[in-house]
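Quick notes on the structure that follows.
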Amino acid sequence: GIYYMISRSLGPEFGGSIGLVFTLANSIASATYVIGFVNSVQDMCKGYFYVTEIIPGAGGGTNDVRVLGVITLILVLALAIVGLDWVTRVQFGLLILLVGAQIDFIIGAFMGPISVWQEAQGYVGFNSEVMKVNTKPDYRFYEGAHDFFSVFGVFFPAVTGIVAGANLSGDLKVIFLLLLFQFT
């Protein structure tokens, strides 16, 4: 993975110190991902199923976040323990889920709003006036001026999984060799 490449490139002194920071950053990122996931589940349950307390008897709110967060972490730990083969299978299932969500988005965009409530929420479908306004930059001034690069610098690492390829590099090497021998 990425730590292996860093420690071999920079040596044990720099690699060890960077590895400590990298481990701390991954721990904090994992915690924020789990909290974001659980908050999304809470919002979905409130919005679609009118459920305010997901775990009965837990008191709702923060306790739901704690209990569901621990359950999520245990499931992710179990996935890590069973091995990379299962991780790849789960990632394929998530890929299918994401493709389905994007198809749903496209269909919904072409359908447009089907009720007054959706229009009140700001959903207008394809609208030339909205597209014209959205093509121009509208950076807000908050603690100094922002431009394209300052926004891009924050947004890009948050959505790309910048080290995902490096973390799977050993697995990709095996797939490449299998494909190479299959076609020769």
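Residues in the structure tokens are named by chain (A, B, ... in the order shown) and by number from 1 within that chain; ligands are numbered from 1 in the order shown.
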Residues within 12 Å of region 127-129 of chain A, only C-alpha atoms, excluding chain neighbours under 6 positions, as a PyMOL selection string: chain A and resi 109-113+135-136
For the residues in that selection, give me N, CA and C atoms as a PDB file, in the first residue's frame.
```
ATOM      1  N   ALA A 109     -34.074  13.433 -13.337  1.00  0.00           N
ATOM      2  CA  ALA A 109     -33.820  14.748 -13.935  1.00  0.00           C
ATOM      3  C   ALA A 109     -34.675  14.955 -15.172  1.00  0.00           C
ATOM      4  N   PHE A 110     -34.869  13.906 -15.956  1.00  0.00           N
ATOM      5  CA  PHE A 110     -35.703  14.046 -17.150  1.00  0.00           C
ATOM      6  C   PHE A 110     -37.190  14.088 -16.814  1.00  0.00           C
ATOM      7  N   MET A 111     -37.586  13.432 -15.728  1.00  0.00           N
ATOM      8  CA  MET A 111     -38.999  13.445 -15.344  1.00  0.00           C
ATOM      9  C   MET A 111     -39.429  14.820 -14.856  1.00  0.00           C
ATOM     10  N   GLY A 112     -38.562  15.508 -14.153  1.00  0.00           N
ATOM     11  CA  GLY A 112     -38.911  16.813 -13.608  1.00  0.00           C
ATOM     12  C   GLY A 112     -39.754  16.675 -12.354  1.00  0.00           C
ATOM     13  N   PRO A 113     -40.136  17.807 -11.766  1.00  0.00           N
ATOM     14  CA  PRO A 113     -40.933  17.743 -10.534  1.00  0.00           C
ATOM     15  C   PRO A 113     -42.333  17.209 -10.824  1.00  0.00           C
ATOM     16  N   THR A 135     -23.728  27.936 -14.700  1.00  0.00           N
ATOM     17  CA  THR A 135     -22.474  27.838 -15.453  1.00  0.00           C
ATOM     18  C   THR A 135     -21.464  28.898 -15.038  1.00  0.00           C
ATOM     19  N   LYS A 136     -21.930  29.945 -14.366  1.00  0.00           N
ATOM     20  CA  LYS A 136     -21.018  31.005 -13.921  1.00  0.00           C
ATOM     21  C   LYS A 136     -20.561  30.712 -12.496  1.00  0.00           C
TER      22      LYS A 136
END
```
All helix (DSSP H, G or I) positions in chain A, as a VMD selection string: chain A and resid 2 to 49 62 to 82 84 to 111 116 to 120 128 to 134 148 to 160 164 to 167 169 to 182
For Val87 (chain A): contacts at 12 Å, only C-alpha atoms, fewer than 6 positions along chain excluded, given as a PyMOL selection string: chain A and resi 75-81+93-94+168+171
Could you save those same residues with C-alpha atoms as a compact mmCIF listing (two decimals), in the first residue's frame?
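Saved as again-v4.txt:
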```txt
# COMPACT_ATOMS: atom_id res chain seq x y z
CA LEU A 75 -19.19 -5.07 10.16
CA VAL A 76 -16.25 -3.30 8.49
CA LEU A 77 -13.82 -5.07 10.85
CA ALA A 78 -15.39 -8.43 9.98
CA LEU A 79 -15.01 -7.59 6.30
CA ALA A 80 -11.34 -6.74 6.81
CA ILE A 81 -10.75 -9.97 8.73
CA GLY A 93 -21.93 -4.71 -5.06
CA LEU A 94 -21.38 -1.06 -4.11
CA LEU A 168 -5.02 -2.05 -4.24
CA ASP A 171 -4.23 -6.87 -6.27
```
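Of note, CA of Met131 (chain A) and CA of Gly100 (chain A) are spaced 24.5 Å apart.
For region 22-39 of chain A, the non-local neighbours within 7 Å, defined as residues at least 5 positions apart in the same chain or in other chains and counting only C-alpha atoms, are A:Val65, A:Leu68, A:Gly69.
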